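Let me begin by presenting the structure, written as structure tokens, before commenting on it.
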2 protein chains.
Amino acid sequence: MSIQNRRERERAERHQLIIDAARELAEEEGWDAVTTRRLAEKVEYSQPVLYSHFKGKDAIVRAVAIEGCGVLARQLRQARPVRGQSRLRATAEAYLAFARERPALYDAMFVQQVDLPWGTGEVPQELLDAFAELVAAVEPIKGDRDLETLTELYWSTLHGFATLTHGKRLRPEHDQARLDLALSALSLGQHEDGL
Amino acid sequence: MSIQNRRERERAERHQLIIDAARELAEEEGWDAVTTRRLAEKVEYSQPVLYSHFKGKDAIVRAVAIEGCGVLARQLRQARPVRGQSRLRATAEAYLAFARERPALYDAMFVQQVDLPWGTGEVPQELLDAFAELVAAVEPIKGDRDLETLTELYWSTLHGFATLTHGKRLRPEHDQARLDLALSALSLGQHEDGL
DNA sequence: TCGCATGTCTAGCGGTGCTAGATTTTGCGG
DNA sequence: CCGCAAAATCTAGCACCGCTAGACATGCGA
């Protein structure tokens with residue numbers, strides 16, 4: 001019993017160790033550097049150990065992505081409006097900050113088509129949490145529009161900003177103006193906050 | 001002289017042959033299937049021939065992406081509004097149709113960070129053409145807003161739709177409603193077209 | 001202490017992008 | 001028409017990839 005427990009605990013710790021190592025490697029050197037060999041070396045085990053925890057490399061990336069959704073959800077939740085700023089804007093800026101500061105993580109979550117279960121099958125709770133934060137941010141400017149559809153639009157716009165910015169497709173010096181434009185368009189007739 | 005010309009012509013034809021083969025392979029089986037070996041087999045040459053035309057696999061993907069920009073520009077230019085539809089809407093639908101119908105091509109152009117010269121260095125003309133079509137579509141609803149920034153917002157929204165839809169992150173049955181919402185938000189006070 | 005199950009590793013498979021050096025093809029001067 | 005240099009092309013191989021079979025070590029229960 002106790003021995004079983006110890007083993008399970010050690011196993012869980014190593015499981016987490018692998019996820020963390022993969023994330024760190026990706027954030028430091030990009031996903032191309034995350035090979036099973038380098039990952040194994042980093043966690044100081046041999047390659048087959050990875051496969052006793054995950055079905056394959058994809059599963060590891062997926063685990064990192066799901067954790068990333070949790071991080072994003074937390075950051076969005078903690079993003080509180082300052083000085084009369086709308087929640088819509090505070091959340092948008094937090095979202096874009098996450099994408100900007102953790103590009104590798106964002107990539108695993110939303111760019112690489114890792115095929116998280118998503119549509120079919122159960123969507124990870126972390127992702128639902130993150131989406132719920134977006135919904136909450138959009139709710140005040142809903143008007144008579146469909147909340148979920150409006151949130152999808154909000155998310156799409158932010159995602160477009162994030163990915164095109166990262167690919168250097170947009171003029172960085174206009175980031176602020178572009179976001180202003182987006183938020184005031186989304187808010188429609190609603191009054192827009194200053195700053 | 002004539003011999004040189006013939007050789008250059010044959011070389012140019014083979015150059016194009018490689019690009020076409022790469023695009024076809026990618027569209028039929030996805031970019032994972034585009035390996036230098038399979039590509040060489042498809043064009044009926046050995047691998048090193050590819051490297052006498054392109055610096056590496058990335059350069060081939062880039063060439064496909066640039067051609068794809070040309071195709072997109074042409075499709076956007078040909079997208080004419082029907083039945084009082086706004087140009088904004090006609091262009092948006094053409095853009096999304098392109099992304100939906102040629103996902104592999106779209107992927108090479110805007111998702112894989114192939115690092116087309118883009119920001120720094122000369123941007124390929126095909127891309128400028130495509131962006132110009134977006135600008136032209138946005139112009140009528142500009143109001144007193146900055147045209148280029150507004151176009152970046154328009155593009156970001158479309159790109160967000162395209163990529164999140166492809167990754168099955170958005171509810172497909174709400175595609176139309178989502179686009180309606182986006183267009184009317186962008187148009188702000190302007191009157192929106194029916195259908 | 002022995003036998004066994006569990007855990008871990010070594011070594012290897014077929015694949016990748018890419019390239020050095022051998023080989024074939026080509027076009028020209030004699 | 002022949003022989004030869006040069007150009008074009010291929011063969012074979014490198015180091016790496018994801019992944020796994022089978023050898024080996026470890027530590028438990030009898």
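Following the order of the structure tokens, first chain is A, next is B, and so on, with residues numbered from 1 inside each chain and ligands from 1 in the order they appear.
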
Legend entry - Interface residues on chain B facing chain C, 12 Å, only C-alpha atoms (C1' of nucleotides), written as a list of chain:residue names: B:Ile3, B:Gln4, B:Arg7, B:Asp32, B:Ala33, B:Val34, B:Thr35, B:Thr36, B:Arg37, B:Arg38, B:Gln47, B:Pro48, B:Val49, B:Leu50, B:Tyr51, B:Ser52, B:Phe54, B:Lys55, B:Gly56, B:Lys57, B:Asp58

Next, the residues of the selection above should be written as a PDB file, in the first residue's frame with C-alpha atoms.
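Saved to part.pdb:
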```pdb
ATOM      1  CA  ILE B   3      21.874  26.231 -76.050  1.00  0.00           C
ATOM      2  CA  GLN B   4      22.232  28.399 -72.976  1.00  0.00           C
ATOM      3  CA  ARG B   7      19.079  25.116 -70.678  1.00  0.00           C
ATOM      4  CA  ASP B  32       3.979  16.133 -43.440  1.00  0.00           C
ATOM      5  CA  ALA B  33       3.939  14.098 -46.632  1.00  0.00           C
ATOM      6  CA  VAL B  34       6.134  16.632 -48.408  1.00  0.00           C
ATOM      7  CA  THR B  35       9.555  15.104 -47.828  1.00  0.00           C
ATOM      8  CA  THR B  36      12.494  15.694 -50.108  1.00  0.00           C
ATOM      9  CA  ARG B  37      12.449  12.030 -51.090  1.00  0.00           C
ATOM     10  CA  ARG B  38       8.791  11.920 -52.050  1.00  0.00           C
ATOM     11  CA  GLN B  47      17.010  14.608 -54.160  1.00  0.00           C
ATOM     12  CA  PRO B  48      20.142  16.672 -54.905  1.00  0.00           C
ATOM     13  CA  VAL B  49      18.400  18.198 -57.916  1.00  0.00           C
ATOM     14  CA  LEU B  50      15.995  19.890 -55.528  1.00  0.00           C
ATOM     15  CA  TYR B  51      18.958  21.492 -53.804  1.00  0.00           C
ATOM     16  CA  SER B  52      20.310  22.865 -57.059  1.00  0.00           C
ATOM     17  CA  PHE B  54      16.314  25.706 -53.752  1.00  0.00           C
ATOM     18  CA  LYS B  55      18.484  26.278 -50.732  1.00  0.00           C
ATOM     19  CA  GLY B  56      16.479  23.777 -48.749  1.00  0.00           C
ATOM     20  CA  LYS B  57      13.040  22.445 -48.051  1.00  0.00           C
ATOM     21  CA  ASP B  58      12.003  25.716 -46.405  1.00  0.00           C
TER      22      ASP B  58
END
```

Least-squares superposed chain A, target chain B, every Cα, as a PDB file with C-alpha atoms, in the first residue's frame:
```pdb
ATOM      1  CA  MET A   1      23.133  31.148 -77.134  1.00  0.00           C
ATOM      2  CA  SER A   2      20.262  28.964 -78.253  1.00  0.00           C
ATOM      3  CA  ILE A   3      21.632  26.123 -76.214  1.00  0.00           C
ATOM      4  CA  GLN A   4      21.994  28.350 -73.200  1.00  0.00           C
ATOM      5  CA  ASN A   5      18.425  29.491 -73.726  1.00  0.00           C
ATOM      6  CA  ARG A   6      17.141  25.979 -73.981  1.00  0.00           C
ATOM      7  CA  ARG A   7      18.914  25.049 -70.766  1.00  0.00           C
ATOM      8  CA  GLU A   8      17.635  28.052 -68.926  1.00  0.00           C
ATOM      9  CA  ARG A   9      14.139  27.380 -70.138  1.00  0.00           C
ATOM     10  CA  GLU A  10      14.299  23.739 -69.087  1.00  0.00           C
ATOM     11  CA  ARG A  11      15.665  24.809 -65.753  1.00  0.00           C
ATOM     12  CA  ALA A  12      12.835  27.265 -65.216  1.00  0.00           C
ATOM     13  CA  GLU A  13      10.303  24.629 -66.171  1.00  0.00           C
ATOM     14  CA  ARG A  14      11.762  22.191 -63.707  1.00  0.00           C
ATOM     15  CA  HIS A  15      11.832  24.888 -61.050  1.00  0.00           C
ATOM     16  CA  GLN A  16       8.114  25.368 -61.545  1.00  0.00           C
ATOM     17  CA  LEU A  17       7.584  21.625 -61.680  1.00  0.00           C
ATOM     18  CA  ILE A  18       9.081  21.287 -58.215  1.00  0.00           C
ATOM     19  CA  ILE A  19       6.890  24.043 -56.792  1.00  0.00           C
ATOM     20  CA  ASP A  20       3.776  22.526 -58.320  1.00  0.00           C
ATOM     21  CA  ALA A  21       4.657  19.054 -57.124  1.00  0.00           C
ATOM     22  CA  ALA A  22       5.235  20.334 -53.586  1.00  0.00           C
ATOM     23  CA  ARG A  23       1.922  22.153 -53.595  1.00  0.00           C
ATOM     24  CA  GLU A  24       0.043  19.156 -54.953  1.00  0.00           C
ATOM     25  CA  LEU A  25       1.630  16.794 -52.471  1.00  0.00           C
ATOM     26  CA  ALA A  26       0.804  19.154 -49.616  1.00  0.00           C
ATOM     27  CA  GLU A  27      -2.769  19.641 -50.755  1.00  0.00           C
ATOM     28  CA  GLU A  28      -3.296  15.920 -51.192  1.00  0.00           C
ATOM     29  CA  GLU A  29      -1.584  14.548 -48.111  1.00  0.00           C
ATOM     30  CA  GLY A  30      -0.576  17.483 -45.945  1.00  0.00           C
ATOM     31  CA  TRP A  31       2.792  19.121 -45.442  1.00  0.00           C
ATOM     32  CA  ASP A  32       4.073  16.205 -43.376  1.00  0.00           C
ATOM     33  CA  ALA A  33       4.028  14.139 -46.551  1.00  0.00           C
ATOM     34  CA  VAL A  34       6.188  16.668 -48.365  1.00  0.00           C
ATOM     35  CA  THR A  35       9.627  15.182 -47.831  1.00  0.00           C
ATOM     36  CA  THR A  36      12.551  15.758 -50.120  1.00  0.00           C
ATOM     37  CA  ARG A  37      12.527  12.076 -51.031  1.00  0.00           C
ATOM     38  CA  ARG A  38       8.855  11.947 -51.982  1.00  0.00           C
ATOM     39  CA  LEU A  39       9.127  15.246 -53.785  1.00  0.00           C
ATOM     40  CA  ALA A  40      12.143  14.042 -55.745  1.00  0.00           C
ATOM     41  CA  GLU A  41      10.295  10.878 -56.667  1.00  0.00           C
ATOM     42  CA  LYS A  42       7.278  12.869 -57.815  1.00  0.00           C
ATOM     43  CA  VAL A  43       9.305  15.082 -60.143  1.00  0.00           C
ATOM     44  CA  GLU A  44      11.313  12.028 -61.249  1.00  0.00           C
ATOM     45  CA  TYR A  45      14.685  13.377 -60.236  1.00  0.00           C
ATOM     46  CA  SER A  46      16.984  12.584 -57.360  1.00  0.00           C
ATOM     47  CA  GLN A  47      17.060  14.638 -54.197  1.00  0.00           C
ATOM     48  CA  PRO A  48      20.179  16.708 -54.956  1.00  0.00           C
ATOM     49  CA  VAL A  49      18.405  18.208 -57.956  1.00  0.00           C
ATOM     50  CA  LEU A  50      16.015  19.907 -55.551  1.00  0.00           C
ATOM     51  CA  TYR A  51      18.965  21.517 -53.857  1.00  0.00           C
ATOM     52  CA  SER A  52      20.300  22.874 -57.115  1.00  0.00           C
ATOM     53  CA  HIS A  53      17.064  24.852 -57.412  1.00  0.00           C
ATOM     54  CA  PHE A  54      16.318  25.723 -53.796  1.00  0.00           C
ATOM     55  CA  LYS A  55      18.515  26.315 -50.790  1.00  0.00           C
ATOM     56  CA  GLY A  56      16.510  23.817 -48.793  1.00  0.00           C
ATOM     57  CA  LYS A  57      13.096  22.491 -48.068  1.00  0.00           C
ATOM     58  CA  ASP A  58      12.057  25.753 -46.418  1.00  0.00           C
ATOM     59  CA  ALA A  59      12.782  27.640 -49.604  1.00  0.00           C
ATOM     60  CA  ILE A  60      10.466  25.319 -51.515  1.00  0.00           C
ATOM     61  CA  VAL A  61       7.655  25.839 -49.020  1.00  0.00           C
ATOM     62  CA  ARG A  62       8.274  29.566 -49.229  1.00  0.00           C
ATOM     63  CA  ALA A  63       7.993  29.483 -53.015  1.00  0.00           C
ATOM     64  CA  VAL A  64       4.685  27.636 -52.724  1.00  0.00           C
ATOM     65  CA  ALA A  65       3.496  30.190 -50.178  1.00  0.00           C
ATOM     66  CA  ILE A  66       4.371  33.114 -52.417  1.00  0.00           C
ATOM     67  CA  GLU A  67       2.529  31.569 -55.350  1.00  0.00           C
ATOM     68  CA  GLY A  68      -0.356  31.002 -52.977  1.00  0.00           C
ATOM     69  CA  CYS A  69      -0.436  34.707 -52.205  1.00  0.00           C
ATOM     70  CA  GLY A  70      -0.793  35.324 -55.916  1.00  0.00           C
ATOM     71  CA  VAL A  71      -3.711  32.927 -56.122  1.00  0.00           C
ATOM     72  CA  LEU A  72      -5.373  34.553 -53.133  1.00  0.00           C
ATOM     73  CA  ALA A  73      -4.888  38.028 -54.589  1.00  0.00           C
ATOM     74  CA  ARG A  74      -6.514  36.899 -57.828  1.00  0.00           C
ATOM     75  CA  GLN A  75      -9.457  35.315 -56.048  1.00  0.00           C
ATOM     76  CA  LEU A  76     -10.008  38.408 -53.946  1.00  0.00           C
ATOM     77  CA  ARG A  77      -9.847  40.603 -57.020  1.00  0.00           C
ATOM     78  CA  GLN A  78     -12.399  38.460 -58.817  1.00  0.00           C
ATOM     79  CA  ALA A  79     -14.758  38.449 -55.849  1.00  0.00           C
ATOM     80  CA  ARG A  80     -17.406  40.895 -56.927  1.00  0.00           C
ATOM     81  CA  PRO A  81     -20.370  41.749 -54.749  1.00  0.00           C
ATOM     82  CA  VAL A  82     -23.691  40.289 -55.845  1.00  0.00           C
ATOM     83  CA  ARG A  83     -27.184  41.608 -55.183  1.00  0.00           C
ATOM     84  CA  GLY A  84     -26.283  44.713 -53.219  1.00  0.00           C
ATOM     85  CA  GLN A  85     -23.730  42.818 -51.169  1.00  0.00           C
ATOM     86  CA  SER A  86     -20.940  45.043 -49.872  1.00  0.00           C
ATOM     87  CA  ARG A  87     -17.457  44.631 -51.233  1.00  0.00           C
ATOM     88  CA  LEU A  88     -16.372  44.132 -47.636  1.00  0.00           C
ATOM     89  CA  ARG A  89     -18.556  41.029 -47.419  1.00  0.00           C
ATOM     90  CA  ALA A  90     -17.725  39.688 -50.868  1.00  0.00           C
ATOM     91  CA  THR A  91     -14.007  39.940 -50.138  1.00  0.00           C
ATOM     92  CA  ALA A  92     -14.389  38.395 -46.698  1.00  0.00           C
ATOM     93  CA  GLU A  93     -16.273  35.451 -48.089  1.00  0.00           C
ATOM     94  CA  ALA A  94     -13.723  34.973 -50.842  1.00  0.00           C
ATOM     95  CA  TYR A  95     -10.914  35.077 -48.280  1.00  0.00           C
ATOM     96  CA  LEU A  96     -12.598  32.529 -46.045  1.00  0.00           C
ATOM     97  CA  ALA A  97     -13.461  30.329 -49.024  1.00  0.00           C
ATOM     98  CA  PHE A  98      -9.801  30.292 -50.019  1.00  0.00           C
ATOM     99  CA  ALA A  99      -8.722  29.319 -46.506  1.00  0.00           C
ATOM    100  CA  ARG A 100     -11.398  26.633 -46.349  1.00  0.00           C
ATOM    101  CA  GLU A 101     -10.801  25.128 -49.767  1.00  0.00           C
ATOM    102  CA  ARG A 102      -7.018  25.269 -49.833  1.00  0.00           C
ATOM    103  CA  PRO A 103      -6.024  24.710 -46.221  1.00  0.00           C
ATOM    104  CA  ALA A 104      -2.538  23.440 -47.006  1.00  0.00           C
ATOM    105  CA  LEU A 105      -1.782  26.454 -49.138  1.00  0.00           C
ATOM    106  CA  TYR A 106      -3.191  28.806 -46.521  1.00  0.00           C
ATOM    107  CA  ASP A 107      -1.102  27.032 -43.910  1.00  0.00           C
ATOM    108  CA  ALA A 108       2.133  27.617 -45.797  1.00  0.00           C
ATOM    109  CA  MET A 109       1.250  31.252 -46.399  1.00  0.00           C
ATOM    110  CA  PHE A 110       0.103  32.382 -42.988  1.00  0.00           C
ATOM    111  CA  VAL A 111       0.391  29.689 -40.330  1.00  0.00           C
ATOM    112  CA  GLN A 112       3.754  27.985 -40.625  1.00  0.00           C
ATOM    113  CA  GLN A 113       6.182  30.700 -39.698  1.00  0.00           C
ATOM    114  CA  VAL A 114       8.137  30.232 -42.875  1.00  0.00           C
ATOM    115  CA  ASP A 115       9.486  33.699 -42.292  1.00  0.00           C
ATOM    116  CA  LEU A 116       8.743  35.126 -45.638  1.00  0.00           C
ATOM    117  CA  PRO A 117      10.896  38.251 -45.829  1.00  0.00           C
ATOM    118  CA  TRP A 118       7.819  40.253 -44.865  1.00  0.00           C
ATOM    119  CA  GLY A 119       8.643  43.065 -42.455  1.00  0.00           C
ATOM    120  CA  THR A 120      12.305  43.410 -43.189  1.00  0.00           C
ATOM    121  CA  GLY A 121      13.577  42.949 -46.697  1.00  0.00           C
ATOM    122  CA  GLU A 122      11.334  43.093 -49.707  1.00  0.00           C
ATOM    123  CA  VAL A 123       7.850  41.735 -49.325  1.00  0.00           C
ATOM    124  CA  PRO A 124       6.778  39.614 -52.306  1.00  0.00           C
ATOM    125  CA  GLN A 125       4.578  41.463 -54.763  1.00  0.00           C
ATOM    126  CA  GLU A 126       1.940  38.739 -54.596  1.00  0.00           C
ATOM    127  CA  LEU A 127       1.391  39.465 -50.930  1.00  0.00           C
ATOM    128  CA  LEU A 128       1.201  43.203 -51.468  1.00  0.00           C
ATOM    129  CA  ASP A 129      -1.421  42.551 -54.124  1.00  0.00           C
ATOM    130  CA  ALA A 130      -3.485  40.455 -51.754  1.00  0.00           C
ATOM    131  CA  PHE A 131      -3.270  43.035 -48.997  1.00  0.00           C
ATOM    132  CA  ALA A 132      -4.205  45.765 -51.467  1.00  0.00           C
ATOM    133  CA  GLU A 133      -7.422  43.884 -52.197  1.00  0.00           C
ATOM    134  CA  LEU A 134      -8.250  43.892 -48.517  1.00  0.00           C
ATOM    135  CA  VAL A 135      -7.540  47.612 -48.313  1.00  0.00           C
ATOM    136  CA  ALA A 136      -9.833  48.252 -51.251  1.00  0.00           C
ATOM    137  CA  ALA A 137     -12.585  46.258 -49.600  1.00  0.00           C
ATOM    138  CA  VAL A 138     -12.255  48.194 -46.370  1.00  0.00           C
ATOM    139  CA  GLU A 139     -12.000  51.628 -47.945  1.00  0.00           C
ATOM    140  CA  PRO A 140     -15.761  52.192 -48.356  1.00  0.00           C
ATOM    141  CA  ILE A 141     -16.420  51.716 -44.629  1.00  0.00           C
ATOM    142  CA  LYS A 142     -13.392  53.623 -43.462  1.00  0.00           C
ATOM    143  CA  GLY A 143     -15.227  56.601 -41.991  1.00  0.00           C
ATOM    144  CA  ASP A 144     -12.718  58.757 -40.129  1.00  0.00           C
ATOM    145  CA  ARG A 145     -10.597  55.790 -39.132  1.00  0.00           C
ATOM    146  CA  ASP A 146      -7.075  54.974 -40.285  1.00  0.00           C
ATOM    147  CA  LEU A 147      -7.425  52.865 -43.415  1.00  0.00           C
ATOM    148  CA  GLU A 148      -4.384  50.664 -42.991  1.00  0.00           C
ATOM    149  CA  THR A 149      -5.011  49.963 -39.311  1.00  0.00           C
ATOM    150  CA  LEU A 150      -8.617  49.158 -40.070  1.00  0.00           C
ATOM    151  CA  THR A 151      -7.482  46.775 -42.780  1.00  0.00           C
ATOM    152  CA  GLU A 152      -5.142  45.069 -40.335  1.00  0.00           C
ATOM    153  CA  LEU A 153      -8.112  44.570 -38.043  1.00  0.00           C
ATOM    154  CA  TYR A 154     -10.201  43.215 -40.911  1.00  0.00           C
ATOM    155  CA  TRP A 155      -7.433  40.843 -41.909  1.00  0.00           C
ATOM    156  CA  SER A 156      -6.812  39.721 -38.329  1.00  0.00           C
ATOM    157  CA  THR A 157     -10.466  38.909 -37.858  1.00  0.00           C
ATOM    158  CA  LEU A 158     -10.605  36.913 -41.078  1.00  0.00           C
ATOM    159  CA  HIS A 159      -7.371  35.153 -40.211  1.00  0.00           C
ATOM    160  CA  GLY A 160      -8.702  34.337 -36.762  1.00  0.00           C
ATOM    161  CA  PHE A 161     -11.862  32.895 -38.296  1.00  0.00           C
ATOM    162  CA  ALA A 162      -9.874  30.885 -40.806  1.00  0.00           C
ATOM    163  CA  THR A 163      -7.414  29.333 -38.386  1.00  0.00           C
ATOM    164  CA  LEU A 164      -9.777  28.707 -35.477  1.00  0.00           C
ATOM    165  CA  THR A 165     -12.336  27.237 -37.865  1.00  0.00           C
ATOM    166  CA  HIS A 166      -9.737  24.950 -39.392  1.00  0.00           C
ATOM    167  CA  GLY A 167      -8.675  23.823 -35.916  1.00  0.00           C
ATOM    168  CA  LYS A 168     -12.323  23.075 -35.138  1.00  0.00           C
ATOM    169  CA  ARG A 169     -12.361  25.645 -32.346  1.00  0.00           C
ATOM    170  CA  LEU A 170     -15.492  27.433 -33.564  1.00  0.00           C
ATOM    171  CA  ARG A 171     -19.010  26.105 -34.029  1.00  0.00           C
ATOM    172  CA  PRO A 172     -19.342  25.605 -37.797  1.00  0.00           C
ATOM    173  CA  GLU A 173     -23.106  26.117 -37.786  1.00  0.00           C
ATOM    174  CA  HIS A 174     -22.545  29.712 -36.661  1.00  0.00           C
ATOM    175  CA  ASP A 175     -20.084  30.682 -39.379  1.00  0.00           C
ATOM    176  CA  GLN A 176     -22.578  32.916 -41.117  1.00  0.00           C
ATOM    177  CA  ALA A 177     -23.796  34.643 -37.969  1.00  0.00           C
ATOM    178  CA  ARG A 178     -20.233  35.219 -36.827  1.00  0.00           C
ATOM    179  CA  LEU A 179     -19.269  36.827 -40.091  1.00  0.00           C
ATOM    180  CA  ASP A 180     -22.407  38.980 -40.043  1.00  0.00           C
ATOM    181  CA  LEU A 181     -21.511  40.144 -36.582  1.00  0.00           C
ATOM    182  CA  ALA A 182     -17.956  40.948 -37.596  1.00  0.00           C
ATOM    183  CA  LEU A 183     -18.940  42.885 -40.680  1.00  0.00           C
ATOM    184  CA  SER A 184     -21.599  44.943 -38.980  1.00  0.00           C
ATOM    185  CA  ALA A 185     -19.211  45.707 -36.106  1.00  0.00           C
ATOM    186  CA  LEU A 186     -16.528  46.801 -38.561  1.00  0.00           C
ATOM    187  CA  SER A 187     -18.993  48.892 -40.526  1.00  0.00           C
ATOM    188  CA  LEU A 188     -20.018  50.705 -37.357  1.00  0.00           C
ATOM    189  CA  GLY A 189     -22.560  53.392 -38.140  1.00  0.00           C
ATOM    190  CA  GLN A 190     -22.481  52.630 -41.841  1.00  0.00           C
ATOM    191  CA  HIS A 191     -25.506  50.950 -43.325  1.00  0.00           C
ATOM    192  CA  GLU A 192     -25.025  47.229 -43.699  1.00  0.00           C
ATOM    193  CA  ASP A 193     -26.015  45.367 -46.831  1.00  0.00           C
ATOM    194  CA  GLY A 194     -28.722  42.765 -46.914  1.00  0.00           C
ATOM    195  CA  LEU A 195     -28.077  39.067 -47.565  1.00  0.00           C
TER     196      LEU A 195
END
```

Inset, instruction - Please report, as a ChimeraX atom specification, each residue of chain A to which DSSP assigns alpha helix (DSSP H) when run on this structure's backbone. - result: /A:2-29,36-43,47-53,57-78,87-101,103-106,125-138,147-166,175-187

Legend entry - Expected answer as number ranges by chain: chain D residues within 9 Å of chain A, only C-alpha atoms (C1' of nucleotides): D: 17-20

Can I get the selection written as a PDB file, in the first residue's frame, with N, CA and C atoms (P, O5', C5', C4', C3', O3' and C1' of nucleotides)?
```
ATOM      1  P    DC D  17      17.563  14.817 -32.649  1.00  0.00           P
ATOM      2  O5'  DC D  17      16.332  14.181 -33.427  1.00  0.00           O
ATOM      3  C5'  DC D  17      15.491  15.025 -34.199  1.00  0.00           C
ATOM      4  C4'  DC D  17      14.435  14.203 -34.900  1.00  0.00           C
ATOM      5  C3'  DC D  17      13.610  13.317 -33.966  1.00  0.00           C
ATOM      6  O3'  DC D  17      12.540  14.073 -33.457  1.00  0.00           O
ATOM      7  C1'  DC D  17      14.268  12.105 -35.939  1.00  0.00           C
ATOM      8  P    DG D  18      11.854  13.615 -32.072  1.00  0.00           P
ATOM      9  O5'  DG D  18      10.907  12.433 -32.524  1.00  0.00           O
ATOM     10  C5'  DG D  18       9.829  12.680 -33.422  1.00  0.00           C
ATOM     11  C4'  DG D  18       9.120  11.364 -33.696  1.00  0.00           C
ATOM     12  C3'  DG D  18       8.526  10.694 -32.463  1.00  0.00           C
ATOM     13  O3'  DG D  18       7.254  10.158 -32.783  1.00  0.00           O
ATOM     14  C1'  DG D  18      10.106   9.255 -33.475  1.00  0.00           C
ATOM     15  P    DC D  19       6.360   9.470 -31.612  1.00  0.00           P
ATOM     16  O5'  DC D  19       6.921   7.966 -31.596  1.00  0.00           O
ATOM     17  C5'  DC D  19       6.888   7.214 -32.800  1.00  0.00           C
ATOM     18  C4'  DC D  19       7.587   5.871 -32.590  1.00  0.00           C
ATOM     19  C3'  DC D  19       7.182   5.107 -31.319  1.00  0.00           C
ATOM     20  O3'  DC D  19       6.500   3.934 -31.726  1.00  0.00           O
ATOM     21  C1'  DC D  19       9.516   4.997 -31.722  1.00  0.00           C
ATOM     22  P    DT D  20       5.833   2.926 -30.650  1.00  0.00           P
ATOM     23  O5'  DT D  20       6.929   1.772 -30.538  1.00  0.00           O
ATOM     24  C5'  DT D  20       7.441   1.188 -31.720  1.00  0.00           C
ATOM     25  C4'  DT D  20       8.392   0.052 -31.371  1.00  0.00           C
ATOM     26  C3'  DT D  20       7.995  -0.784 -30.158  1.00  0.00           C
ATOM     27  O3'  DT D  20       8.376  -2.126 -30.434  1.00  0.00           O
ATOM     28  C1'  DT D  20      10.150   0.041 -29.834  1.00  0.00           C
TER      29       DT D  20
END
```
